[in-house]
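Chemist: Okay, handing you the structure first.
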Amino acid sequence: MDRVVPSKLLVLVVLFWLCNLGMMLKECTNTPTQLASHTFRYELLSSNNETWKEEMLEHYHLTPTDDSAWSSLLPRKILREEDEYSWQAMYRKMKTSLKSSENFLKEIPLDKVRLDPSSVHWRAQQTNLEYLLMLEEDRLLWSFRKTAGLPTPGKPYAGWEAPDCELRGHFVGHYLSATAHMWASTGNETLKTKMSKIVAVLSDCQQKIGSGYLSAFPSELFDRFEAIRPVWAPYYTIHKILAGLLDQYTFADNAQALKITNWMVDYFYDRVLNVIKKYSVERHYTSLNEETGGMNDVLYRLFTITGNPKHLTLAHLFDKPCFLGLLAVQADDISDFHTNTHIPIVIGAQRRYEITGDPLYKEIGTFFLNIVNSSHSYATGGTSVGEFWSDPKRLATTLRTENEESCTTYNMLKVSRNLFRWTKEVAYADYYERALTNGVLGIQRGTEPGVMIYMLPLAPGSSKNLSYHSWGTPYDSFWCCYGTGIESFSKLGDSIYFEEEGQAPGLYIIQYISSSVDWTSGQALINQTVDPVVSTDPYLRVTLTFSSKGAGPSSTLNLRIPSWTNSDGAKAVINGQSLSDPAPDLTQSVPDAGNFLSVTRKWATGDKLSLQFPLVLRTETIKDDRPEYASLQAILYGPHLVVGHTSGDWKIKSGSLSDLITAVPPSYNNHLASFSQESQDSIFVVSNSNQTVTMDKLPNSGTDAALHATFRLIFNDSSESSTVKDAVGKSVMLEPFDLPGMLLVQKGKDLIISVADSAGGSDSTIFQLLPGLDGKNGSISLESVSQKDCFVSSGLNYTPGTALHLSCKSGSPDPGFEKGASFKMNKGLSAYHPISFVAKGASRNFLLSPLYSLRDESYTVYFHFTP
């Protein structure tokens with residue numbers, strides 16, 4: 001990974017401290033802001049600049065306490081004096097375990113759900129499976145064996161799993177979780193062998209150490225943690241290992257994994273108890289100002305399995321009162337907090353509610369998602385800038401290359417998933433769909449195994465490739481977002497279906513993803529087929545087909561009516577009969593958006609339920625309450641965020657969306673071509689370079705250069721049935737792929753070919769596409785219609801960036817002229833996504849595509865809608 005020069009970083013840090021001193025003194029941040037950042041911490045600890053390290057680490061910790069931290073929150077809410085007692089009583093009540101009496105929706109087990117190979121979700125899962133299989137167990141386990149004093153075959157991985165990285169071992173925990181989920185999702189036997197070996201070796205390491213301790217780094221890091229000395233988040237890594245082992249037990253029935261977990265927790269219970277006895281509980285809470293991951297969550301999970309009160313006690317001790325207290329008094333005061341330090345704590349608080357029934361923790365989770373979604377989230381559904389929350393409803397000035405840390409989206413999905421199970425509110429399922437579609441699917445680089453991003457850039461003219469971290473590599477990155485990434489793509493089937501148990505079982509279908517579910521309590525196998533969404537057919541079409549597994553009771557299907565649709569045009573049809581028809585058991589109409597359509601009947605083999613939801617194009621203003629940013633809006637099509645292919649131009653005319661945005665017909669993909677020549681043993685292609693047409697080296701697909709080297713043939717006879725293959729002999733205009741509405745223009749003999757607005761459609765934009773002048777099979781030449789015997793030419797022996805010009809024939813044959821005016825015409829290097837639109841810009845038009853479909857291309861998420 002590229003590293004910033006330490007001296008430059010030091011200048012930036014000093015400026016940051018001078019400008020943000022007040023912000024960094026805020027209580028309950030886990031460390032001063034820079035040190036809380038994973039990116040910054042890795043750079044710092046990898047640096048040889050000891051002076052820089054000393055300066056940064058001398059400010060290592062702030063010291064909030066337990067009761068005192070809660071009490072200090074009172075002025076934030078400006079409570080009346082007579083309310084102080086009730087506030088303290090509420091805090092003490094929060095510490096009292098209750099018994100949960102709630103009936104939550106139950107998740108359908110992952111091994112009962114299978115994704116359909118036709119879906120983008122299945123392709124993402126398959127790409128991830130290939131990566132999990134690529135990774136070698138001995139290399140993953142190298143530092144664990146080294147710490148335990150066992151032989152270390154192979155060599156360790158690099159990046160954040162390197163032997164000198166203080167966070168080493170965290171990815172192995174994620175790998176255990178990911179493989180457990182992937183095993184349940186696919187049943188891959190090779191994967192089962194790999195993950196079982198890792199658990200067995202971890203057991204060997206723990207046995208060799210002999211105390212219950214297990215990690216890829218020595219316990220000395222916990223000595224530093226407890227002494228409030230600089231160390232990089234050791235409990236963060238322990239959480240990943242515990243969660244991975246627990247997932248191996250839960251999803252793969254590995255009893256050895258549970259045994260390891262119990263012994264580990266005994267060890268850390270004794271460590272925490274020793275700190276409290278030796279110092280105080282306040283000292284323990286002070287140490288929690290380092291990132292601890294979801295320690296509370298995994299310990300609450302363990303308690304539900306073991307019932308061991310020690311596990312419940314230790315879970316309570318990893319709740320973070322100084323942060324949960326803000327949410328308990330419903331203060332939107334999370335700005336400047338490190339996002340991925342604190343979201344897992346909320347997830348643990350949600351688990352506490354499920355175990356104890358304490359309503360305070362339900363309110364904490366509910367309020368938290370509400371403020372994040374209403375004040376701190378982008379149109380993607382993601383949150384954070386540079387790993388932190390910014391000021392509420394001030395997002396317009398936070399659009400950078402380092403937005404939406406992938407880890408935060410992974411964790412926010414857990415928060416919303418829990419809230420949906422509790423409440424059955426469609427809004428939480430809608431949030432899940434948006435964040436999954438736009439914030440998860442797009443972190444993989446196409447179908448390349450092990451290539452993912454850390455953060456999702458949102459600045460105008462951003463590119464996933466040009467962010468600070470850029471794309472990671474399979475064996476040298478292992479960032480925190482690689483860990484959550486491999487988990488996300490291993491459990492894409494876990495939030496499609498939920499069930500409600502009872503005499504009449506109910507199934508909730510909250511995500512429309514092509515898949516099948518074996519619904520045991522409903523005694524049915526249901527196949528969900530979702531037609532691919534396209535821009536030219538503004539409907540989401542879903543078909544559910546049933547296979548009965550016996551004469552079961554009546555059961556109810558509850559189908560989400562998304563908030564992004566409307567009832568006008570929505571349909572539900574069962575066995576060819578509309579649900580709105582007056583029939584004995586079919587008397588319902590499709591409810592308004594934001595509700596559930598419930599259908600109860602005895603389902604039989606062959607029953608077919610079809611749904612149709614209008615896909616609505618809409619804009620969404622950025623979450624910023626300053627009037628000057630009211631024009632800054634994103635464009636969505638149903639749940640899909642569509643973004644402009646642009647390097648920074650972001651002005652769109654205001655008006656009706658139906659007038660401003662038009663769908664790209666699927667036939668246009670048949671009209672895309674790229675034109676190449678061989679020169680000096682290299683392949684060059686015709687490219688649009690800032691509206692001058694040049695010859696440039698053949699680019700990689702999925703890049704800006706590939707966009708610039710792709711052109712749409714517009715046939716002069718307006719024949720939509722024409723294709724590139726039968727274009728020879730026809731008159732065409734050439735539209736640059738990423739500049740819809742503009743055309744290649746010749747300005748006269750020996751003058752360069754440029755790109756200009758198509759208004760007027762003069763003969764200067766029309767070319768006759770002829771067989772190549774060089775006579776070679778498959779070559780073509782472009783003759784100007786307005787100037788006969790004049791052709792688009794590259795010249796000979798050119799260098800990258802050489803402009804094309806219009807060159808005319810001389811009286812006698814010239815092999816050099818014929819070669820320079822002949823090109824090989826191939827299928828376009830880029831293609832339109834099925835969801836593609838053209839938007840009218842203030843000075844140019846924009847090609848819009850889904851954010852998740854882009855790889856290295858530049859894009860703009862928010863546009864200025866101007867008069």
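Please note that chains go A, B, ... in the order of the structure tokens, that every chain numbers its residues from 1, and that ligands are numbered from 1 in the order shown.
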Taking the chain letters and numbering used in this document, name the residues of region 433-657 of chain A that DSSP puts in strand (DSSP E), as an MDAnalysis selection string.
Modeler: chainID A and resid 497:500 506:509 515:519 524:530 539:548 555:561 571:574 577:578 595:601 608:614 617:621 632:637 640:644 651:653
Chemist: Determine, using only C-alpha atoms, which residues of region 334-416 of chain A have any atom at most 12 Å from an atom of region 235-243 of chain A, and tabulate each with its shortest atom pair and distance in Å to one decimal place, rows ordered by chain and then rising number, as a Markdown table.
Modeler:
| residue | atom | partner | partner_atom | distance |
| --- | --- | --- | --- | --- |
| A:Asn340 | CA | A:Tyr236 | CA | 10.5 |
| A:Thr341 | CA | A:Tyr236 | CA | 8.9 |
| A:His342 | CA | A:Tyr236 | CA | 11.6 |
| A:Pro344 | CA | A:Tyr236 | CA | 10.4 |
| A:Ile345 | CA | A:Tyr236 | CA | 11.5 |
| A:Gly348 | CA | A:His239 | CA | 11.8 |
Chemist: Would you mind exporting N, CA, C and O atoms of the selected residues as a PDB file, in the first residue's frame?
Modeler:
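Dumped to selection.pdb:
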ATOM      1  N   ASN A 340     -16.914   3.354  13.242  1.00  0.00           N
ATOM      2  CA  ASN A 340     -16.894   1.908  13.388  1.00  0.00           C
ATOM      3  C   ASN A 340     -16.434   1.451  14.760  1.00  0.00           C
ATOM      4  O   ASN A 340     -16.457   0.268  15.068  1.00  0.00           O
ATOM      5  N   THR A 341     -16.021   2.383  15.604  1.00  0.00           N
ATOM      6  CA  THR A 341     -15.828   2.048  17.014  1.00  0.00           C
ATOM      7  C   THR A 341     -17.165   1.915  17.715  1.00  0.00           C
ATOM      8  O   THR A 341     -17.350   1.040  18.569  1.00  0.00           O
ATOM      9  N   HIS A 342     -18.118   2.752  17.326  1.00  0.00           N
ATOM     10  CA  HIS A 342     -19.322   2.902  18.142  1.00  0.00           C
ATOM     11  C   HIS A 342     -20.571   2.208  17.597  1.00  0.00           C
ATOM     12  O   HIS A 342     -21.465   1.863  18.375  1.00  0.00           O
ATOM     13  N   PRO A 344     -20.781  -0.914  16.472  1.00  0.00           N
ATOM     14  CA  PRO A 344     -20.883  -2.245  17.099  1.00  0.00           C
ATOM     15  C   PRO A 344     -21.364  -2.198  18.543  1.00  0.00           C
ATOM     16  O   PRO A 344     -21.997  -3.153  19.017  1.00  0.00           O
ATOM     17  N   ILE A 345     -21.075  -1.104  19.255  1.00  0.00           N
ATOM     18  CA  ILE A 345     -21.560  -0.991  20.632  1.00  0.00           C
ATOM     19  C   ILE A 345     -23.077  -0.896  20.654  1.00  0.00           C
ATOM     20  O   ILE A 345     -23.746  -1.458  21.530  1.00  0.00           O
ATOM     21  N   GLY A 348     -24.471  -4.305  20.121  1.00  0.00           N
ATOM     22  CA  GLY A 348     -24.448  -5.026  21.395  1.00  0.00           C
ATOM     23  C   GLY A 348     -25.568  -4.586  22.308  1.00  0.00           C
ATOM     24  O   GLY A 348     -26.175  -5.410  23.017  1.00  0.00           O
TER      25      GLY A 348
END
Chemist: Going by DSSP on the backbone, which bits of region 261-416 of chain A are helix (DSSP H, G or I)? Write them as an NGL selection string, please.
Modeler: :A and (261-278 or 281-287 or 295-306 or 309-317 or 321-328 or 339-356 or 359-375 or 395-398 or 406-416)
Chemist: Which residues are near Glu220 (chain A)? Cut-off 12 Å, only C-alpha atoms, ignore same chain within fewer than 2 positions. Put them as an mmCIF file with all heavy atoms, in the first residue's frame.
Modeler:
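Writing done, so here's result.cif:
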data_model
loop_
_atom_site.group_PDB
_atom_site.id
_atom_site.type_symbol
_atom_site.label_atom_id
_atom_site.label_comp_id
_atom_site.auth_asym_id
_atom_site.auth_seq_id
_atom_site.Cartn_x
_atom_site.Cartn_y
_atom_site.Cartn_z
ATOM 1 N N THR A 147 3.041 -16.824 17.973
ATOM 2 C CA THR A 147 2.738 -16.354 19.321
ATOM 3 C C THR A 147 2.677 -17.513 20.309
ATOM 4 O O THR A 147 3.097 -17.383 21.472
ATOM 5 C CB THR A 147 1.406 -15.577 19.325
ATOM 6 O OG1 THR A 147 1.534 -14.449 18.465
ATOM 7 C CG2 THR A 147 1.026 -15.124 20.724
ATOM 8 N N GLU A 166 0.022 -4.536 14.732
ATOM 9 C CA GLU A 166 -0.626 -4.806 16.027
ATOM 10 C C GLU A 166 -2.062 -5.318 15.878
ATOM 11 O O GLU A 166 -2.639 -5.823 16.837
ATOM 12 C CB GLU A 166 -0.616 -3.538 16.885
ATOM 13 C CG GLU A 166 0.767 -3.175 17.387
ATOM 14 C CD GLU A 166 0.766 -2.033 18.390
ATOM 15 O OE1 GLU A 166 -0.306 -1.412 18.592
ATOM 16 O OE2 GLU A 166 1.825 -1.764 18.977
ATOM 17 N N TYR A 213 -5.683 -17.966 26.786
ATOM 18 C CA TYR A 213 -5.397 -16.851 25.878
ATOM 19 C C TYR A 213 -5.201 -17.386 24.461
ATOM 20 O O TYR A 213 -4.606 -18.446 24.246
ATOM 21 C CB TYR A 213 -4.135 -16.117 26.329
ATOM 22 C CG TYR A 213 -3.780 -14.937 25.448
ATOM 23 C CD1 TYR A 213 -4.475 -13.737 25.561
ATOM 24 C CD2 TYR A 213 -2.762 -15.024 24.502
ATOM 25 C CE1 TYR A 213 -4.148 -12.647 24.758
ATOM 26 C CE2 TYR A 213 -2.435 -13.950 23.690
ATOM 27 C CZ TYR A 213 -3.138 -12.761 23.820
ATOM 28 O OH TYR A 213 -2.826 -11.690 23.017
ATOM 29 N N SER A 215 -4.481 -15.472 20.552
ATOM 30 C CA SER A 215 -4.416 -14.337 19.646
ATOM 31 C C SER A 215 -3.202 -14.491 18.750
ATOM 32 O O SER A 215 -2.342 -15.344 19.000
ATOM 33 C CB SER A 215 -4.349 -13.013 20.409
ATOM 34 O OG SER A 215 -4.354 -11.917 19.502
ATOM 35 N N ALA A 216 -3.139 -13.651 17.707
ATOM 36 C CA ALA A 216 -1.975 -13.651 16.823
ATOM 37 C C ALA A 216 -0.871 -12.761 17.363
ATOM 38 O O ALA A 216 0.203 -12.686 16.770
ATOM 39 C CB ALA A 216 -2.386 -13.194 15.428
ATOM 40 N N PHE A 217 -1.139 -12.043 18.465
ATOM 41 C CA PHE A 217 -0.125 -11.209 19.098
ATOM 42 C C PHE A 217 -0.032 -11.585 20.577
ATOM 43 O O PHE A 217 -0.967 -12.134 21.155
ATOM 44 C CB PHE A 217 -0.453 -9.716 18.939
ATOM 45 C CG PHE A 217 -1.865 -9.353 19.297
ATOM 46 C CD1 PHE A 217 -2.297 -9.302 20.620
ATOM 47 C CD2 PHE A 217 -2.785 -9.048 18.300
ATOM 48 C CE1 PHE A 217 -3.595 -8.967 20.955
ATOM 49 C CE2 PHE A 217 -4.092 -8.715 18.619
ATOM 50 C CZ PHE A 217 -4.499 -8.667 19.943
ATOM 51 N N PRO A 218 1.093 -11.304 21.235
ATOM 52 C CA PRO A 218 1.261 -11.702 22.633
ATOM 53 C C PRO A 218 0.378 -10.894 23.570
ATOM 54 O O PRO A 218 -0.081 -9.791 23.246
ATOM 55 C CB PRO A 218 2.748 -11.431 22.898
ATOM 56 C CG PRO A 218 3.134 -10.401 21.881
ATOM 57 C CD PRO A 218 2.305 -10.691 20.662
ATOM 58 N N PHE A 222 -2.244 -6.447 25.822
ATOM 59 C CA PHE A 222 -3.301 -6.178 26.799
ATOM 60 C C PHE A 222 -2.744 -5.545 28.063
ATOM 61 O O PHE A 222 -3.444 -4.789 28.740
ATOM 62 C CB PHE A 222 -4.074 -7.469 27.108
ATOM 63 C CG PHE A 222 -4.992 -7.868 26.002
ATOM 64 C CD1 PHE A 222 -4.600 -8.813 25.067
ATOM 65 C CD2 PHE A 222 -6.231 -7.274 25.867
ATOM 66 C CE1 PHE A 222 -5.432 -9.166 24.024
ATOM 67 C CE2 PHE A 222 -7.077 -7.627 24.827
ATOM 68 C CZ PHE A 222 -6.679 -8.573 23.895
ATOM 69 N N ASP A 223 -1.489 -5.834 28.389
ATOM 70 C CA ASP A 223 -0.852 -5.127 29.500
ATOM 71 C C ASP A 223 -0.830 -3.629 29.197
ATOM 72 O O ASP A 223 -1.129 -2.802 30.071
ATOM 73 C CB ASP A 223 0.580 -5.627 29.711
ATOM 74 C CG ASP A 223 0.629 -7.095 30.114
ATOM 75 O OD1 ASP A 223 -0.387 -7.603 30.639
ATOM 76 O OD2 ASP A 223 1.681 -7.734 29.903
ATOM 77 N N ARG A 224 -0.471 -3.280 27.978
ATOM 78 C CA ARG A 224 -0.451 -1.870 27.578
ATOM 79 C C ARG A 224 -1.852 -1.279 27.555
ATOM 80 O O ARG A 224 -2.075 -0.129 27.965
ATOM 81 C CB ARG A 224 0.209 -1.733 26.209
ATOM 82 C CG ARG A 224 1.713 -1.965 26.236
ATOM 83 C CD ARG A 224 2.273 -2.409 24.901
ATOM 84 N NE ARG A 224 1.938 -1.488 23.813
ATOM 85 C CZ ARG A 224 2.139 -1.772 22.520
ATOM 86 N NH1 ARG A 224 2.668 -2.940 22.173
ATOM 87 N NH2 ARG A 224 1.819 -0.896 21.602
ATOM 88 N N PHE A 225 -2.807 -2.047 27.097
ATOM 89 C CA PHE A 225 -4.194 -1.594 27.050
ATOM 90 C C PHE A 225 -4.688 -1.239 28.457
ATOM 91 O O PHE A 225 -5.277 -0.173 28.676
ATOM 92 C CB PHE A 225 -5.057 -2.703 26.438
ATOM 93 C CG PHE A 225 -6.532 -2.390 26.371
ATOM 94 C CD1 PHE A 225 -7.064 -1.709 25.287
ATOM 95 C CD2 PHE A 225 -7.391 -2.802 27.381
ATOM 96 C CE1 PHE A 225 -8.424 -1.432 25.205
ATOM 97 C CE2 PHE A 225 -8.743 -2.534 27.316
ATOM 98 C CZ PHE A 225 -9.263 -1.839 26.217
ATOM 99 N N GLU A 226 -4.443 -2.105 29.402
ATOM 100 C CA GLU A 226 -4.924 -1.907 30.773
ATOM 101 C C GLU A 226 -4.144 -0.815 31.505
ATOM 102 O O GLU A 226 -4.657 -0.204 32.445
ATOM 103 C CB GLU A 226 -4.830 -3.224 31.542
ATOM 104 C CG GLU A 226 -5.790 -4.277 31.011
ATOM 105 C CD GLU A 226 -5.460 -5.693 31.443
ATOM 106 O OE1 GLU A 226 -4.438 -5.887 32.145
ATOM 107 O OE2 GLU A 226 -6.209 -6.615 31.062
ATOM 108 N N ALA A 227 -2.905 -0.560 31.059
ATOM 109 C CA ALA A 227 -2.098 0.498 31.657
ATOM 110 C C ALA A 227 -2.351 1.853 30.986
ATOM 111 O O ALA A 227 -1.682 2.821 31.297
ATOM 112 C CB ALA A 227 -0.619 0.135 31.567
ATOM 113 N N ARG A 229 -1.677 2.665 27.974
ATOM 114 C CA ARG A 229 -0.519 3.005 27.155
ATOM 115 C C ARG A 229 -0.858 2.737 25.695
ATOM 116 O O ARG A 229 -1.752 1.947 25.391
ATOM 117 C CB ARG A 229 0.690 2.165 27.578
ATOM 118 C CG ARG A 229 1.258 2.530 28.945
ATOM 119 C CD ARG A 229 2.294 1.505 29.383
ATOM 120 N NE ARG A 229 3.266 1.244 28.333
ATOM 121 C CZ ARG A 229 3.926 0.082 28.179
ATOM 122 N NH1 ARG A 229 3.665 -0.925 29.001
ATOM 123 N NH2 ARG A 229 4.809 -0.062 27.208
ATOM 124 N N PRO A 230 -0.172 3.402 24.755
ATOM 125 C CA PRO A 230 -0.517 3.263 23.335
ATOM 126 C C PRO A 230 -0.488 1.822 22.850
ATOM 127 O O PRO A 230 0.479 1.096 23.063
ATOM 128 C CB PRO A 230 0.556 4.097 22.632
ATOM 129 C CG PRO A 230 0.967 5.109 23.640
ATOM 130 C CD PRO A 230 0.904 4.404 24.961
ATOM 131 N N VAL A 231 -1.577 1.431 22.214
ATOM 132 C CA VAL A 231 -1.691 0.108 21.612
ATOM 133 C C VAL A 231 -2.864 0.164 20.639
ATOM 134 O O VAL A 231 -3.827 0.903 20.854
ATOM 135 C CB VAL A 231 -1.915 -0.987 22.682
ATOM 136 C CG1 VAL A 231 -3.229 -0.781 23.419
ATOM 137 C CG2 VAL A 231 -1.842 -2.374 22.075
ATOM 138 N N PRO A 234 -6.428 -4.051 20.794
ATOM 139 C CA PRO A 234 -6.347 -5.514 20.915
ATOM 140 C C PRO A 234 -7.706 -6.192 21.093
ATOM 141 O O PRO A 234 -7.912 -7.294 20.583
ATOM 142 C CB PRO A 234 -5.451 -5.708 22.141
ATOM 143 C CG PRO A 234 -5.535 -4.429 22.908
ATOM 144 C CD PRO A 234 -5.710 -3.364 21.884
#
Chemist: For a test of reading the model, state the distance in Å between CA of Asp649 (chain A) and CA of Leu854 (chain A), rounded to one decimal.
Modeler: 17.8 Å
Chemist: Smallest atom-to-atom distance to Lys208 (chain A): which of A:Leu150, A:Leu597, A:Met295, A:Leu133, using only C-alpha atoms?
Modeler: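 The shortest atom-to-atom distance to Lys208 (chain A) comes from A:Leu150.
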Chemist: Compare A:Asp750, A:Glu291, A:Glu387, A:Asp757 by their minimum atom-to-atom distance to Leu734 (chain A), counting only C-alpha atoms, and give me the closest one.
Modeler: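 Using only C-alpha atoms, the shortest distance to Leu734 (chain A) belongs to A:Asp757.
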Chemist: For region 460-573 of chain A against region 409-428 of chain A, with a cut-off of 9 Å and counting only C-alpha atoms, what is the closest atom pair and its distance in Å to one decimal for every residue that makes the cut, ordered by chain and number, as a Markdown table?
Modeler:
| residue | atom | partner | partner_atom | distance |
| --- | --- | --- | --- | --- |
| A:Cys481 | CA | A:Tyr410 | CA | 8.9 |
| A:Thr484 | CA | A:Tyr410 | CA | 6.4 |
| A:Gly485 | CA | A:Tyr410 | CA | 7.8 |
| A:Glu487 | CA | A:Tyr410 | CA | 8.6 |
| A:Ser488 | CA | A:Tyr410 | CA | 6.7 |
| A:Ser495 | CA | A:Arg417 | CA | 7.4 |
| A:Phe498 | CA | A:Arg421 | CA | 8.0 |
| A:Tyr508 | CA | A:Lys424 | CA | 8.8 |
| A:Ile510 | CA | A:Val426 | CA | 8.0 |
| A:Arg560 | CA | A:Val426 | CA | 6.7 |
| A:Ile561 | CA | A:Val426 | CA | 7.8 |
| A:Pro562 | CA | A:Val426 | CA | 7.2 |
| A:Ser563 | CA | A:Ala427 | CA | 7.4 |
Chemist: Just how far from CA of Leu110 (chain A) is CA of Tyr361 (chain A), in Å to one decimal?
Modeler: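 Atom-to-atom, CA of Tyr361 (chain A) to CA of Leu110 (chain A), that is 27.1 Å.
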Chemist: Check the smallest atom-to-atom distance from each of A:Tyr539, A:Phe489, A:Trp471, A:Phe40 to Tyr131 (chain A) using only C-alpha atoms, then report the winner.
Modeler: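 Ranking A:Tyr539, A:Phe489, A:Trp471, A:Phe40 by distance to Tyr131 (chain A), first place goes to A:Phe489.
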Chemist: Can you tell me, as an NGL selection string, what residues are no more than 7 Å from region 779-795 of chain A when counting only C-alpha atoms, ignoring any on the same chain fewer than 6 positions away?
Modeler: :A and (763-764 or 766-773 or 804-809 or 820-825)
Chemist: Figure out the distance between CA of Lys197 (chain A) and CA of Arg168 (chain A), please, to one decimal in Å.
Modeler: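 Value for the CA of Arg168 (chain A)-CA of Lys197 (chain A) distance: 19.1 Å.
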Chemist: Find the residues around Met695 (chain A) up to 12 Å (only C-alpha atoms counted), leave out those fewer than 5 positions away in its own chain, and share them as a PyMOL selection string.
Modeler: chain A and resi 674-679+682-689+705+708-709+752-753+792-805+820+823
Chemist: For the residues selected in the previous step, produce a file with N, CA and C atoms as a compact mmCIF listing (two decimals), in the first residue's frame.
Modeler:
# COMPACT_ATOMS: atom_id res chain seq x y z
N SER A 674 -15.44 0.42 -30.99
CA SER A 674 -14.15 1.05 -30.74
C SER A 674 -13.30 0.84 -31.98
N PHE A 675 -12.42 1.79 -32.27
CA PHE A 675 -11.63 1.78 -33.49
C PHE A 675 -10.15 1.75 -33.13
N SER A 676 -9.41 0.81 -33.69
CA SER A 676 -8.01 0.63 -33.30
C SER A 676 -7.10 0.57 -34.51
N GLN A 677 -5.80 0.80 -34.25
CA GLN A 677 -4.73 0.63 -35.22
C GLN A 677 -3.52 0.04 -34.49
N GLU A 678 -2.69 -0.67 -35.24
CA GLU A 678 -1.41 -1.10 -34.70
C GLU A 678 -0.34 -0.13 -35.17
N SER A 679 0.50 0.31 -34.21
CA SER A 679 1.58 1.23 -34.55
C SER A 679 2.75 0.98 -33.61
N SER A 682 2.43 -1.62 -30.92
CA SER A 682 1.43 -1.39 -29.88
C SER A 682 0.07 -1.19 -30.55
N ILE A 683 -0.98 -1.43 -29.74
CA ILE A 683 -2.34 -1.19 -30.23
C ILE A 683 -2.81 0.15 -29.70
N PHE A 684 -3.29 0.99 -30.58
CA PHE A 684 -3.83 2.30 -30.22
C PHE A 684 -5.30 2.34 -30.59
N VAL A 685 -6.06 3.15 -29.86
CA VAL A 685 -7.49 3.27 -30.12
C VAL A 685 -7.86 4.74 -30.28
N VAL A 686 -8.90 4.97 -31.05
CA VAL A 686 -9.44 6.31 -31.20
C VAL A 686 -10.13 6.70 -29.89
N SER A 687 -9.78 7.87 -29.34
CA SER A 687 -10.31 8.27 -28.03
C SER A 687 -10.74 9.73 -28.05
N ASN A 688 -11.72 10.02 -27.21
CA ASN A 688 -12.12 11.41 -26.97
C ASN A 688 -11.30 11.94 -25.81
N SER A 689 -10.40 12.88 -26.08
CA SER A 689 -9.55 13.46 -25.04
C SER A 689 -9.89 14.93 -24.89
N ALA A 705 -10.53 5.65 -19.53
CA ALA A 705 -9.96 5.56 -20.87
C ALA A 705 -10.79 4.65 -21.78
N HIS A 708 -13.72 6.63 -22.94
CA HIS A 708 -13.35 7.61 -23.96
C HIS A 708 -13.08 6.95 -25.31
N ALA A 709 -12.80 5.66 -25.31
CA ALA A 709 -12.48 4.95 -26.56
C ALA A 709 -13.68 4.19 -27.11
N ILE A 752 -8.05 19.13 -37.28
CA ILE A 752 -8.26 18.04 -36.32
C ILE A 752 -9.75 17.69 -36.22
N ILE A 753 -10.00 16.45 -35.83
CA ILE A 753 -11.36 15.99 -35.55
C ILE A 753 -11.65 16.32 -34.09
N VAL A 792 -10.99 10.36 -42.14
CA VAL A 792 -10.41 10.48 -40.81
C VAL A 792 -9.09 9.70 -40.81
N SER A 793 -8.01 10.38 -40.37
CA SER A 793 -6.69 9.76 -40.46
C SER A 793 -5.88 10.02 -39.19
N SER A 794 -5.05 9.03 -38.86
CA SER A 794 -4.18 9.15 -37.69
C SER A 794 -2.79 9.63 -38.07
N GLY A 795 -2.43 9.47 -39.35
CA GLY A 795 -1.04 9.68 -39.71
C GLY A 795 -0.24 8.45 -39.32
N LEU A 796 1.02 8.46 -39.49
CA LEU A 796 1.87 7.30 -39.19
C LEU A 796 2.90 7.64 -38.12
N ASN A 797 3.36 6.59 -37.41
CA ASN A 797 4.42 6.73 -36.40
C ASN A 797 4.09 7.79 -35.36
N TYR A 798 2.85 7.74 -34.89
CA TYR A 798 2.40 8.73 -33.91
C TYR A 798 2.69 8.25 -32.49
N THR A 799 2.55 9.15 -31.56
CA THR A 799 2.70 8.85 -30.14
C THR A 799 1.35 9.00 -29.46
N PRO A 800 1.19 8.43 -28.24
CA PRO A 800 -0.09 8.59 -27.54
C PRO A 800 -0.46 10.06 -27.40
N GLY A 801 -1.73 10.36 -27.71
CA GLY A 801 -2.21 11.72 -27.61
C GLY A 801 -2.20 12.48 -28.93
N THR A 802 -1.69 11.84 -29.99
CA THR A 802 -1.68 12.49 -31.30
C THR A 802 -3.12 12.65 -31.81
N ALA A 803 -3.45 13.87 -32.27
CA ALA A 803 -4.82 14.16 -32.71
C ALA A 803 -5.07 13.61 -34.10
N LEU A 804 -6.30 13.12 -34.31
CA LEU A 804 -6.73 12.72 -35.64
C LEU A 804 -7.13 13.96 -36.44
N HIS A 805 -7.05 13.84 -37.74
CA HIS A 805 -7.40 14.96 -38.60
C HIS A 805 -8.08 14.43 -39.85
N GLY A 820 -2.96 5.01 -42.66
CA GLY A 820 -3.36 5.94 -41.60
C GLY A 820 -4.85 6.18 -41.55
N PHE A 823 -8.89 1.58 -40.03
CA PHE A 823 -9.01 1.21 -38.62
C PHE A 823 -9.71 -0.15 -38.52
Chemist: Neighbours of Ala180 (chain A) within 7 Å (only C-alpha atoms; same-chain residues fewer than 5 positions away dropped), as a ChimeraX atom specification?
Modeler: /A:247-248,251-252
Chemist: Could you check which of A:Val664, A:Ile714, A:Ala349, A:Leu848 is closest to Asp738 (chain A), using only C-alpha atoms?
Modeler: A:Leu848
Chemist: Pick out the residues sitting within 9 Å of Leu202 (chain A), and hand them over as a list in words; count only C-alpha atoms, and ignore anything fewer than 2 positions along from it in its own chain.
Modeler: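 So, after excluding close chain neighbours, the residues are Leu141, Phe144, Arg145, Lys197, Ile198, Val199, Ala200, Asp204, Cys205, Gln206, Gln207, Leu214, Ser215, Ala257 and Ile260 of chain A.
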